[in-house]
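structure.cif (mmCIF, C-alpha atoms and all ligand atoms) appears below.
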```cif
data_query
#
loop_
_atom_site.label_atom_id
_atom_site.label_comp_id
_atom_site.auth_asym_id
_atom_site.auth_seq_id
_atom_site.Cartn_x
_atom_site.Cartn_y
_atom_site.Cartn_z
CA MET A 722 13.09 23.21 4.07
CA LYS A 723 10.62 20.41 4.86
CA ALA A 724 9.03 18.72 1.85
CA ALA A 725 7.28 15.59 0.60
CA VAL A 726 10.02 13.95 -1.44
CA MET A 727 9.78 10.96 -3.76
CA TYR A 728 13.12 9.12 -4.00
CA GLN A 729 11.93 6.11 -6.04
CA LYS A 730 9.13 6.25 -8.61
CA ASN A 731 7.63 3.04 -7.22
CA GLY A 732 8.04 4.14 -3.60
CA MET A 733 6.30 6.43 -1.12
CA PRO A 734 6.97 10.11 -0.52
CA GLN A 735 8.97 10.95 2.59
CA TYR A 736 8.59 13.93 4.89
CA THR A 737 12.15 15.14 4.96
CA ASP A 738 14.61 18.04 4.62
CA PHE A 739 15.25 19.06 1.01
CA PRO A 740 17.30 21.89 -0.55
CA GLU A 741 15.26 25.08 -1.06
CA PRO A 742 14.55 26.01 -4.67
CA THR A 743 16.18 29.20 -5.93
CA VAL A 744 14.87 31.63 -8.51
CA GLN A 745 16.72 31.10 -11.81
CA HIS A 746 14.97 33.58 -14.14
CA GLU A 747 13.26 36.94 -13.82
CA ASP A 748 9.97 35.30 -14.77
CA GLU A 749 10.11 33.04 -11.68
CA LEU A 750 9.03 33.74 -8.10
CA LEU A 751 9.51 32.03 -4.76
CA ILE A 752 6.30 31.06 -2.99
CA PHE A 753 5.81 30.13 0.67
CA MET A 754 3.35 27.27 0.49
CA LYS A 755 0.18 27.06 2.59
CA ALA A 756 -1.83 24.22 1.05
CA ALA A 757 -1.64 21.80 -1.89
CA ALA A 758 -4.24 19.27 -2.99
CA LEU A 759 -3.16 15.67 -3.51
CA LYS A 760 -4.96 14.55 -6.64
CA HIS A 761 -4.88 11.50 -8.91
CA VAL A 762 -2.55 13.36 -11.28
CA ASP A 763 -0.04 14.15 -8.48
CA LYS A 764 0.03 10.53 -7.36
CA SER A 765 0.36 9.10 -10.86
CA ARG A 766 3.05 11.65 -11.81
CA ALA A 767 4.93 11.01 -8.56
CA THR A 768 4.92 7.27 -9.20
CA GLY A 769 5.80 7.64 -12.91
CA LYS A 770 2.49 6.15 -14.08
CA HIS A 771 1.13 9.30 -15.76
CA TYR A 772 1.73 9.59 -19.50
CA SER A 773 3.56 12.88 -18.92
CA THR A 774 6.19 11.29 -16.63
CA GLN A 775 6.72 7.85 -18.12
CA ASN A 776 10.11 8.84 -19.59
CA ASP A 777 11.33 10.69 -16.48
CA ILE A 778 14.59 9.61 -14.90
CA ASN A 779 14.38 8.36 -11.31
CA HIS A 780 15.71 11.10 -9.01
CA ALA A 781 14.69 12.68 -5.70
CA GLU A 782 11.87 15.08 -6.38
CA VAL A 783 9.38 17.13 -4.37
CA ILE A 784 5.84 16.04 -5.30
CA GLY A 785 2.75 18.16 -6.02
CA GLY A 786 1.87 20.15 -9.13
CA ASP A 787 0.01 23.17 -7.81
CA GLY A 788 -1.17 24.88 -4.66
CA VAL A 789 -1.77 27.99 -2.62
CA GLY A 790 0.88 30.13 -0.96
CA VAL A 791 2.11 33.60 -0.15
CA LEU A 792 4.62 35.54 -2.26
CA GLU A 793 7.47 37.65 -0.87
CA ASN A 794 5.23 40.72 -1.31
CA ASP A 795 2.62 39.07 0.99
CA LYS A 796 0.10 38.47 -1.83
CA ARG A 797 -1.75 35.14 -1.57
CA VAL A 798 -2.04 33.25 -4.85
CA TYR A 799 -2.91 29.91 -6.41
CA ALA A 800 -0.08 28.79 -8.67
CA ILE A 801 1.17 25.96 -10.85
CA GLY A 802 4.65 24.91 -9.73
CA VAL A 803 7.94 24.91 -11.58
CA SER A 804 9.25 22.88 -8.65
CA GLY A 805 7.20 20.47 -6.50
CA MET A 806 4.57 22.26 -4.41
CA ILE A 807 4.11 19.96 -1.39
CA ALA A 808 6.93 21.70 0.42
CA GLU A 809 7.52 24.76 2.56
CA LYS A 810 8.83 26.71 -0.45
CA ALA A 811 8.44 26.31 -4.20
CA LEU A 812 9.19 28.06 -7.47
CA ILE A 813 6.43 29.34 -9.73
CA GLU A 814 6.19 31.31 -12.96
CA LYS A 815 4.75 34.83 -12.81
CA VAL A 816 2.38 34.02 -15.68
CA ARG A 817 0.99 30.87 -14.05
CA MET A 818 -0.57 32.23 -10.90
CA VAL A 819 -3.99 33.56 -9.92
CA PRO A 820 -4.58 36.09 -7.10
CA LEU A 821 -7.08 34.83 -4.53
CA PRO A 822 -10.08 36.65 -3.05
CA ASP A 823 -9.74 37.28 0.71
CA ASP A 824 -12.87 35.26 1.51
CA ILE A 825 -11.64 31.89 0.28
CA ASP A 826 -9.61 29.76 2.69
CA ASP A 827 -6.32 28.13 1.67
CA VAL A 828 -7.64 24.56 1.69
CA THR A 829 -10.68 25.30 -0.48
CA ALA A 830 -8.58 27.36 -2.89
CA ALA A 831 -6.04 24.55 -3.20
CA ALA A 832 -8.73 21.91 -3.80
CA LEU A 833 -10.73 23.75 -6.44
CA PRO A 834 -8.49 24.27 -9.54
CA ASN A 835 -7.87 20.68 -10.68
CA ALA A 836 -11.59 19.94 -10.56
CA VAL A 837 -12.32 23.15 -12.46
CA ILE A 838 -9.71 22.16 -15.04
CA GLY A 839 -11.34 18.73 -15.25
CA SER A 840 -14.82 20.15 -15.72
CA ALA A 841 -14.89 23.73 -17.01
CA ILE A 842 -12.25 23.24 -19.72
CA GLY A 843 -14.04 20.17 -21.04
CA LEU A 844 -17.44 21.83 -20.95
CA ARG A 845 -16.29 25.12 -22.45
CA TYR A 846 -13.48 24.35 -24.85
CA LYS A 847 -13.97 20.73 -25.83
CA ALA A 848 -17.80 20.62 -25.78
CA ASN A 849 -18.51 24.32 -26.34
CA ILE A 850 -21.49 24.15 -23.97
CA LYS A 851 -24.49 26.36 -24.70
CA ARG A 852 -27.27 27.37 -22.34
CA GLY A 853 -30.21 24.95 -22.39
CA GLU A 854 -28.22 21.85 -23.31
CA THR A 855 -28.48 18.36 -21.83
CA VAL A 856 -25.31 17.04 -20.18
CA LEU A 857 -24.55 13.50 -19.00
CA ILE A 858 -21.71 13.13 -16.48
CA ASN A 859 -20.29 9.61 -16.23
CA GLY A 860 -18.62 9.11 -12.83
CA ALA A 861 -20.18 12.20 -11.27
CA THR A 862 -19.80 11.06 -7.66
CA GLY A 863 -16.08 11.91 -7.43
CA PHE A 864 -14.71 15.29 -6.41
CA THR A 865 -14.31 16.41 -10.02
CA GLY A 866 -17.67 14.98 -11.08
CA LYS A 867 -19.39 16.93 -8.31
CA MET A 868 -17.69 20.07 -9.57
CA ALA A 869 -18.79 19.23 -13.13
CA VAL A 870 -22.43 19.06 -12.02
CA GLN A 871 -22.17 22.50 -10.45
CA VAL A 872 -20.19 24.05 -13.31
CA ALA A 873 -22.53 22.60 -15.97
CA LYS A 874 -25.47 24.09 -14.06
CA TYR A 875 -23.65 27.43 -13.79
CA TYR A 876 -22.99 27.39 -17.55
CA GLY A 877 -26.72 26.95 -18.15
CA ALA A 878 -27.27 23.21 -18.69
CA LYS A 879 -31.01 22.55 -18.78
CA LYS A 880 -30.80 18.91 -17.81
CA ILE A 881 -27.98 17.07 -16.04
CA ILE A 882 -27.89 13.27 -15.90
CA VAL A 883 -25.37 11.71 -13.54
CA THR A 884 -24.00 8.20 -13.30
CA GLY A 885 -22.07 6.75 -10.37
CA ARG A 886 -21.55 3.87 -8.02
CA ASN A 887 -21.99 5.21 -4.49
CA LYS A 888 -25.73 5.42 -3.74
CA GLU A 889 -25.55 8.22 -1.16
CA SER A 890 -23.16 10.30 -3.29
CA LEU A 891 -25.47 9.90 -6.27
CA GLN A 892 -28.46 11.10 -4.23
CA SER A 893 -26.48 14.09 -2.94
CA LEU A 894 -25.88 15.25 -6.52
CA LEU A 895 -29.57 16.14 -6.83
CA ALA A 896 -28.99 19.01 -4.39
CA LEU A 897 -26.07 20.25 -6.51
CA GLY A 898 -28.11 20.50 -9.72
CA ALA A 899 -28.44 17.00 -11.14
CA ASP A 900 -31.85 16.07 -12.54
CA GLU A 901 -31.59 12.34 -13.10
CA ILE A 902 -29.54 9.55 -11.55
CA VAL A 903 -28.30 6.42 -13.29
CA SER A 904 -26.57 3.83 -11.12
CA VAL A 905 -23.64 1.96 -12.63
CA ASN A 906 -24.40 -0.79 -10.09
CA GLN A 907 -27.13 -2.36 -12.21
CA ASN A 908 -26.80 -4.92 -14.96
CA ASP A 909 -25.72 -3.74 -18.41
CA GLU A 910 -29.20 -4.18 -19.93
CA ALA A 911 -30.84 -2.02 -17.25
CA PHE A 912 -28.08 0.64 -17.47
CA VAL A 913 -28.37 0.81 -21.27
CA ALA A 914 -32.18 0.88 -21.15
CA GLN A 915 -32.14 3.82 -18.73
CA ILE A 916 -29.62 5.84 -20.77
CA LYS A 917 -31.45 5.08 -24.04
CA LYS A 918 -34.73 6.23 -22.50
CA VAL A 919 -33.19 9.50 -21.28
CA ASN A 920 -31.53 10.07 -24.65
CA HIS A 921 -34.83 9.44 -26.43
CA ILE A 922 -36.75 11.93 -24.26
CA THR A 923 -34.01 14.60 -24.07
CA PRO A 924 -31.26 13.90 -26.60
CA ILE A 925 -27.88 14.21 -24.89
CA ASP A 926 -25.78 17.11 -26.18
CA ILE A 927 -22.66 16.59 -24.07
CA ILE A 928 -21.13 13.62 -22.25
CA ILE A 929 -18.38 14.34 -19.72
CA ASP A 930 -16.65 11.08 -18.83
CA TYR A 931 -14.42 10.39 -15.80
CA LEU A 932 -14.54 6.59 -15.98
CA TRP A 933 -13.88 5.40 -19.57
CA GLY A 934 -13.81 1.57 -19.70
CA HIS A 935 -17.01 -0.47 -19.71
CA THR A 936 -19.53 2.26 -18.83
CA ALA A 937 -18.13 4.49 -21.61
CA GLU A 938 -18.61 1.59 -24.05
CA LEU A 939 -22.21 1.12 -22.89
CA ILE A 940 -23.02 4.83 -23.11
CA LEU A 941 -21.53 5.10 -26.61
CA SER A 942 -23.54 2.04 -27.68
CA CYS A 943 -26.71 3.88 -26.58
CA LEU A 944 -26.05 6.57 -29.19
CA LYS A 945 -25.73 4.09 -32.09
CA GLY A 946 -27.98 5.05 -34.97
CA ASN A 947 -29.75 3.07 -37.69
CA GLY A 948 -28.83 5.07 -40.77
CA MET A 949 -31.23 7.97 -40.15
CA PHE A 950 -30.27 11.46 -38.94
CA THR A 951 -28.97 11.45 -35.35
CA HIS A 952 -28.61 14.14 -32.70
CA LYS A 953 -25.09 15.58 -32.40
CA THR A 954 -23.38 14.52 -29.15
CA ARG A 955 -20.02 15.87 -27.97
CA PHE A 956 -18.28 13.22 -25.85
CA VAL A 957 -15.40 14.58 -23.75
CA PHE A 958 -13.21 11.99 -22.07
CA ILE A 959 -11.46 13.33 -18.96
CA GLY A 960 -10.59 10.49 -16.57
CA SER A 961 -9.90 6.76 -16.92
CA VAL A 962 -10.79 5.49 -13.45
CA THR A 963 -12.14 2.18 -14.79
CA GLY A 964 -9.81 1.47 -17.70
CA ASP A 965 -7.36 2.85 -20.23
CA THR A 966 -8.92 1.33 -23.34
CA ILE A 967 -12.39 0.77 -24.76
CA GLN A 968 -13.83 -1.14 -27.70
CA LEU A 969 -15.80 1.02 -30.10
CA SER A 970 -17.37 -0.64 -33.10
CA ALA A 971 -16.99 1.00 -36.51
CA ALA A 972 -20.76 0.82 -37.00
CA ASN A 973 -21.31 2.61 -33.71
CA LEU A 974 -18.89 5.41 -34.64
CA ARG A 975 -20.14 5.73 -38.24
CA SER A 976 -23.82 5.72 -37.38
CA VAL A 977 -23.94 8.70 -35.07
CA ASN A 978 -23.19 12.42 -35.24
CA LEU A 979 -20.50 12.10 -32.59
CA GLN A 980 -17.63 14.38 -31.63
CA LEU A 981 -15.18 12.40 -29.51
CA SER A 982 -12.40 14.28 -27.72
CA GLY A 983 -10.19 14.15 -24.65
CA SER A 984 -9.22 16.83 -22.17
CA GLY A 985 -5.94 16.60 -20.28
CA LEU A 986 -2.33 17.83 -20.11
CA GLY A 987 -1.23 18.34 -23.72
CA SER A 988 -4.73 18.66 -25.20
CA TRP A 989 -5.28 22.37 -24.50
CA ALA A 990 -4.36 25.34 -26.66
CA LYS A 991 -2.17 28.11 -25.18
CA ASP A 992 -5.02 30.64 -25.29
CA GLU A 993 -7.27 28.17 -23.42
CA VAL A 994 -4.71 27.81 -20.62
CA GLN A 995 -4.37 31.60 -20.54
CA ALA A 996 -8.15 31.99 -20.25
CA LEU A 997 -8.18 29.36 -17.51
CA LEU A 998 -5.79 31.48 -15.43
CA THR A 999 -7.23 34.91 -16.20
CA GLU A 1000 -10.97 34.20 -16.50
CA ILE A 1001 -12.18 30.75 -15.48
CA LEU A 1002 -10.27 30.21 -12.23
CA PRO A 1003 -10.81 33.77 -10.91
CA GLU A 1004 -14.55 33.36 -11.58
CA MET A 1005 -14.64 29.96 -9.85
CA PHE A 1006 -12.62 31.19 -6.84
CA LYS A 1007 -15.13 34.03 -6.47
CA LEU A 1008 -18.09 31.62 -6.65
CA ALA A 1009 -16.49 29.37 -4.02
CA ALA A 1010 -15.73 32.37 -1.79
CA GLU A 1011 -19.43 33.28 -2.03
CA HIS A 1012 -20.35 29.66 -1.15
CA LYS A 1013 -22.01 29.22 -4.54
CA LEU A 1014 -19.81 26.19 -5.24
CA ILE A 1015 -19.64 23.32 -2.78
CA VAL A 1016 -16.02 22.19 -2.30
CA ASP A 1017 -15.70 19.26 0.14
CA THR A 1018 -12.21 18.76 1.51
CA ILE A 1019 -10.30 16.83 4.11
CA SER A 1020 -6.88 18.12 5.18
CA ILE A 1021 -3.78 16.62 6.75
CA PRO A 1022 -0.50 18.28 7.75
CA LEU A 1023 2.60 17.83 5.59
CA LYS A 1024 4.39 15.82 8.29
CA ASP A 1025 1.75 13.04 7.93
CA ILE A 1026 2.19 12.60 4.16
CA GLU A 1027 3.98 9.26 4.35
CA ARG A 1028 1.57 7.73 6.86
CA LEU A 1029 -1.51 8.89 4.95
CA TRP A 1030 -0.29 8.55 1.32
CA ASN A 1031 -2.60 5.58 0.73
CA MET A 1032 -5.50 6.69 2.92
CA ASN A 1033 -9.05 6.17 1.67
CA VAL A 1034 -10.36 9.66 1.01
CA PRO A 1035 -14.10 9.84 1.81
CA PRO A 1036 -16.27 9.81 -1.36
CA GLY A 1037 -16.50 13.14 -3.16
CA LYS A 1038 -13.88 14.87 -1.01
CA ARG A 1039 -10.43 16.17 -1.98
CA LEU A 1040 -7.41 15.55 0.24
CA VAL A 1041 -5.41 18.73 0.85
CA ILE A 1042 -1.97 18.88 2.46
CA THR A 1043 -1.51 21.88 4.74
CA ILE A 1044 1.97 23.32 5.14
N1 LIG B 1 -7.95 15.48 -17.47
C1 LIG B 1 -8.15 16.36 -16.51
O1 LIG B 1 -7.99 17.56 -16.68
C2 LIG B 1 -8.61 15.85 -15.18
C3 LIG B 1 -8.88 16.75 -14.13
C4 LIG B 1 -9.41 16.25 -12.93
C5 LIG B 1 -9.60 14.87 -12.79
N2 LIG B 1 -9.28 14.04 -13.81
C6 LIG B 1 -9.46 12.58 -13.70
O2 LIG B 1 -10.83 12.31 -13.51
C7 LIG B 1 -10.98 11.12 -12.74
C8 LIG B 1 -11.88 11.39 -11.53
O3 LIG B 1 -11.23 12.34 -10.71
P1 LIG B 1 -11.84 12.76 -9.29
O4 LIG B 1 -11.05 13.90 -8.83
O5 LIG B 1 -13.32 12.91 -9.39
O6 LIG B 1 -11.51 11.47 -8.43
P2 LIG B 1 -12.22 10.93 -7.11
O7 LIG B 1 -12.77 12.05 -6.31
O8 LIG B 1 -11.24 10.03 -6.46
O9 LIG B 1 -13.44 10.07 -7.64
C9 LIG B 1 -13.27 8.83 -8.23
C10 LIG B 1 -14.53 8.48 -8.97
O10 LIG B 1 -14.35 7.21 -9.60
C11 LIG B 1 -15.48 6.40 -9.29
N3 LIG B 1 -15.09 4.99 -9.35
C12 LIG B 1 -14.00 4.41 -8.80
N4 LIG B 1 -13.98 3.10 -9.11
C13 LIG B 1 -15.10 2.86 -9.83
C14 LIG B 1 -15.65 1.69 -10.42
N5 LIG B 1 -15.04 0.52 -10.34
N6 LIG B 1 -16.81 1.82 -11.11
C15 LIG B 1 -17.43 3.00 -11.21
N7 LIG B 1 -16.97 4.15 -10.65
C16 LIG B 1 -15.81 4.06 -9.99
C17 LIG B 1 -15.93 6.84 -7.92
O11 LIG B 1 -17.26 6.45 -7.76
P3 LIG B 1 -17.99 6.26 -6.35
O12 LIG B 1 -17.53 7.39 -5.45
O13 LIG B 1 -19.43 6.37 -6.73
O14 LIG B 1 -17.60 4.94 -5.83
C18 LIG B 1 -15.77 8.36 -8.09
O15 LIG B 1 -16.85 8.89 -8.81
C19 LIG B 1 -9.54 10.69 -12.37
O16 LIG B 1 -9.11 9.75 -13.33
C20 LIG B 1 -8.74 11.96 -12.52
O17 LIG B 1 -7.38 11.72 -12.76
C21 LIG B 1 -8.79 14.50 -14.99
#
```
With the file now loaded, output its structure as structure tokens.
Amino acid sequence: MKAAVMYQKNGMPQYTDFPEPTVQHEDELLIFMKAAALKHVDKSRATGKHYSTQNDINHAEVIGGDGVGVLENDKRVYAIGVSGMIAEKALIEKVRMVPLPDDIDDVTAAALPNAVIGSAIGLRYKANIKRGETVLINGATGFTGKMAVQVAKYYGAKKIIVTGRNKESLQSLLALGADEIVSVNQNDEAFVAQIKKVNHITPIDIIIDYLWGHTAELILSCLKGNGMFTHKTRFVFIGSVTGDTIQLSAANLRSVNLQLSGSGLGSWAKDEVQALLTEILPEMFKLAAEHKLIVDTISIPLKDIERLWNMNVPPGKRLVITI
């Protein structure tokens, strides 16, 4: 079969022939792939930079963690792969697939899940969002941030504050449900003053963070108390686009009613993953099929993977490989 294969962790994937996977257990199925999104996690796992692959041995491997395809019984599903999914065929587990509504196209269905995982799980299971709450999304201009704005709105957020770098992308978030924009392209004093003002007028209940690094430090500093009662804020860290570490002063952490958590591979309970597959993703696929979720994609055929591996994906869009 044709596949995108990584031979060296520090290399580039190649479009090449690769042995077809074969079903090993009765709980596995063969899937004929149609589309697979190429996300940060796929790239960092393929290159051995992700924390879940840092101890992996270098060997030829098909890349891609999930995608959309057709089973031998002709049913179209989204699935998480046992084998790499950016290939003509892949192996999946029966318990890790979601049937797709007819009205959603392959590319949209392939693009959606990772952003739902990176938004809905954080909002529901880490932050326990309630209707009427105020949510700040740090780094909301990316594909996952845009989904977070829409999902937070769908879950009943009363006020959504978004931060980001790209001016046009930030503006476009207003149409998706954001109420207030904070540019990260201003000096620290102005950024802090704007967040403090918002937090004073409508205390922030939930912070969903895709950036970490300096802006996360600044936002956390805005919550610092002075020894009096403070509003409880649930900070959920999801992506580290601008840095792997932050400095957080003891006084800052001690002075505020803060719940600090992360959401990523390894941080979810089994029943949360089960609910993702049986409740959250089916609901989100239905919303997207009804055009109630905006999912911006750009697609390229599998044969172009090597040439376009390092392409600049337009802001807020997800790159999807069609097979
Ligand atoms: N843990 C999970 O379950 C999970 C799930 C999904 C995603 N994620 C992670 O979340 C992060 C965002 O994912 P994504 O899909 O939204 O990626 P994306 O579509 O590529 O967006 C990248 C985002 O980073 C911003 N950015 C890049 N460099 C920046 C800088 N120097 N300063 C400020 N902002 C900067 C971009 O802002 P502009 O467009 O405004 O320039 C954009 O908002 C990634 O780290 C990803 O791995 C985690």
Determine, counting all atoms listed in the file, which protein, DNA and RNA residues have an atom within 8 Å of an atom of region 969-975 of chain A; residues of the same chain fewer than 4 positions away are not included. Present the result as a PDB file with C-alpha atoms, in the frame of the given file.
```
ATOM      1  CA  GLU A 938     -18.610   1.590 -24.050  1.00  0.00           C
ATOM      2  CA  LEU A 941     -21.530   5.100 -26.610  1.00  0.00           C
ATOM      3  CA  SER A 942     -23.540   2.040 -27.680  1.00  0.00           C
ATOM      4  CA  LEU A 944     -26.050   6.570 -29.190  1.00  0.00           C
ATOM      5  CA  LYS A 945     -25.730   4.090 -32.090  1.00  0.00           C
ATOM      6  CA  GLY A 946     -27.980   5.050 -34.970  1.00  0.00           C
ATOM      7  CA  LEU A 979     -20.500  12.100 -32.590  1.00  0.00           C
TER       8      LEU A 979
END
```
Problem - Straight-line distance linking CA of Ala914 (chain A) with atom C8 of ligand LIG 1 (chain B), stated in Å to one decimal - result: 24.8 Å
Report the closest atom pair, with its distance in Å rounded to one decimal, for each residue of chain A that has an atom no farther than 6 Å from ligand LIG 1 (chain B); count all atoms listed in the file, sort by chain and then rising residue number, and write it as a tab-separated table.
```
residue	atom	partner	partner_atom	distance
A:His761	CA	B:LIG1	O17	4.6
A:Val762	CA	B:LIG1	O17	5.3
A:Asn835	CA	B:LIG1	C4	5.2
A:Ala836	CA	B:LIG1	C4	4.9
A:Ile838	CA	B:LIG1	O1	5.2
A:Gly839	CA	B:LIG1	C3	3.4
A:Gly860	CA	B:LIG1	O15	4.4
A:Ala861	CA	B:LIG1	O15	5.3
A:Thr862	CA	B:LIG1	O15	3.8
A:Gly863	CA	B:LIG1	O9	3.2
A:Phe864	CA	B:LIG1	O7	3.8
A:Thr865	CA	B:LIG1	O5	3.7
A:Gly866	CA	B:LIG1	O5	5.1
A:Gly885	CA	B:LIG1	O13	4.5
A:Arg886	CA	B:LIG1	O13	3.5
A:Asn887	CA	B:LIG1	O13	3.6
A:Tyr931	CA	B:LIG1	C7	4.7
A:Ile959	CA	B:LIG1	N1	4.4
A:Gly960	CA	B:LIG1	O2	3.6
A:Ser961	CA	B:LIG1	O16	4.7
A:Val962	CA	B:LIG1	O16	4.6
A:Thr963	CA	B:LIG1	N5	5.6
A:Ser984	CA	B:LIG1	N1	5.1
A:Gly985	CA	B:LIG1	N1	3.6
A:Pro1036	CA	B:LIG1	O12	4.9
A:Gly1037	CA	B:LIG1	O7	5.0
```
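Residues with any atom within 12 Å of Thr774 (chain A), counting only C-alpha atoms and excluding same-chain neighbours fewer than 2 positions away, are Lys730, Val762, Asp763, Lys764, Ser765, Arg766, Ala767, Thr768, Gly769, Lys770, His771, Tyr772, Asn776, Asp777, Ile778, Asn779 and Leu986 of chain A.
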Problem - Shortest interatomic distance to Asp930 (chain A) - which of A:Ser890, A:Ser840, A:Asn849, A:Asn908, counting all atoms listed in the file - result: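 Of A:Ser890, A:Ser840, A:Asn849, A:Asn908, the one nearest Asp930 (chain A) is A:Ser840, counting all atoms listed in the file.
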Exercise for the section: Pull the neighbourhood of (11.8, 5.5, -5.9) for me: all residues within 8 Å in file coordinates, counting all atoms listed in the file, as a list in words. Expected result: Met727, Tyr728, Gln729, Lys730, Asn731, Gly732, Met733, Thr768, Asn779, His780 and Ala781 of chain A
Just to be explicit: take each residue in the selection above, keep C-alpha atoms, and write the result as a tab-separated table (two decimals), in the frame of the given file.
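Result saved to out-v3.tsv:
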```tsv
chain	number	residue	atom	x	y	z
A	727	MET	CA	9.78	10.96	-3.76
A	728	TYR	CA	13.12	9.12	-4.00
A	729	GLN	CA	11.93	6.11	-6.04
A	730	LYS	CA	9.13	6.25	-8.61
A	731	ASN	CA	7.63	3.04	-7.22
A	732	GLY	CA	8.04	4.14	-3.60
A	733	MET	CA	6.30	6.43	-1.12
A	768	THR	CA	4.92	7.27	-9.20
A	779	ASN	CA	14.38	8.36	-11.31
A	780	HIS	CA	15.71	11.10	-9.01
A	781	ALA	CA	14.69	12.68	-5.70
```
Kindly provide, as AutoDock Vina command-line options, the centre and edge lengths (Å, one decimal) of an axis-aligned box around all atoms of region 982-985 of chain A given in the file, with 3 Å on each side.
```
--center_x -9.2 --center_y 15.5 --center_z -24.0 --size_x 12.5 --size_y 8.7 --size_z 13.4
```
Practice task
Could you give me, as a PyMOL selection string, the residues that have an atom at most 10 Å away from the point (-2.6, 24.5, -14.5) in the coordinates of the file, using only C-alpha atoms?
Solution key: chain A and resi 786-788+799-802+817-818+834-835+838+986+994-995+997-998+1002
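Here CA of Gly948 (chain A) stands at a distance of 19.2 Å from CA of Asp926 (chain A).
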Problem - Two-atom distance - CA of Asn978 (chain A), CA of Lys917 (chain A) (Å) - result: 15.7 Å
Problem - Proximity to Thr936 (chain A) - best of A:Gln775, A:Thr966, A:Ser988, A:Ser1020, only C-alpha atoms - result: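 Of the candidates, the smallest distance to Thr936 (chain A) is held by A:Thr966.
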Handout entry: Among the residues A:Cys943, A:Pro924, A:Val828, A:Leu894, the one that comes closest to Glu910 (chain A) [using only C-alpha atoms]
Key =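 So, comparing all the options, the nearest one is A:Cys943.
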Handout entry: Which of A:Lys755, A:Leu932, A:Thr884, A:Leu812 sits closest to Gly964 (chain A) [using all atoms listed in the file]
Key = A:Leu932
Practice task
Compare A:Asp900, A:Val872, A:His935, A:Ser982 by their minimum atom-to-atom distance to Phe956 (chain A), counting all atoms listed in the file, and give me the closest one.
Solution key: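 Once distances to Phe956 (chain A) are computed over all atoms listed in the file, the minimum belongs to A:Ser982.
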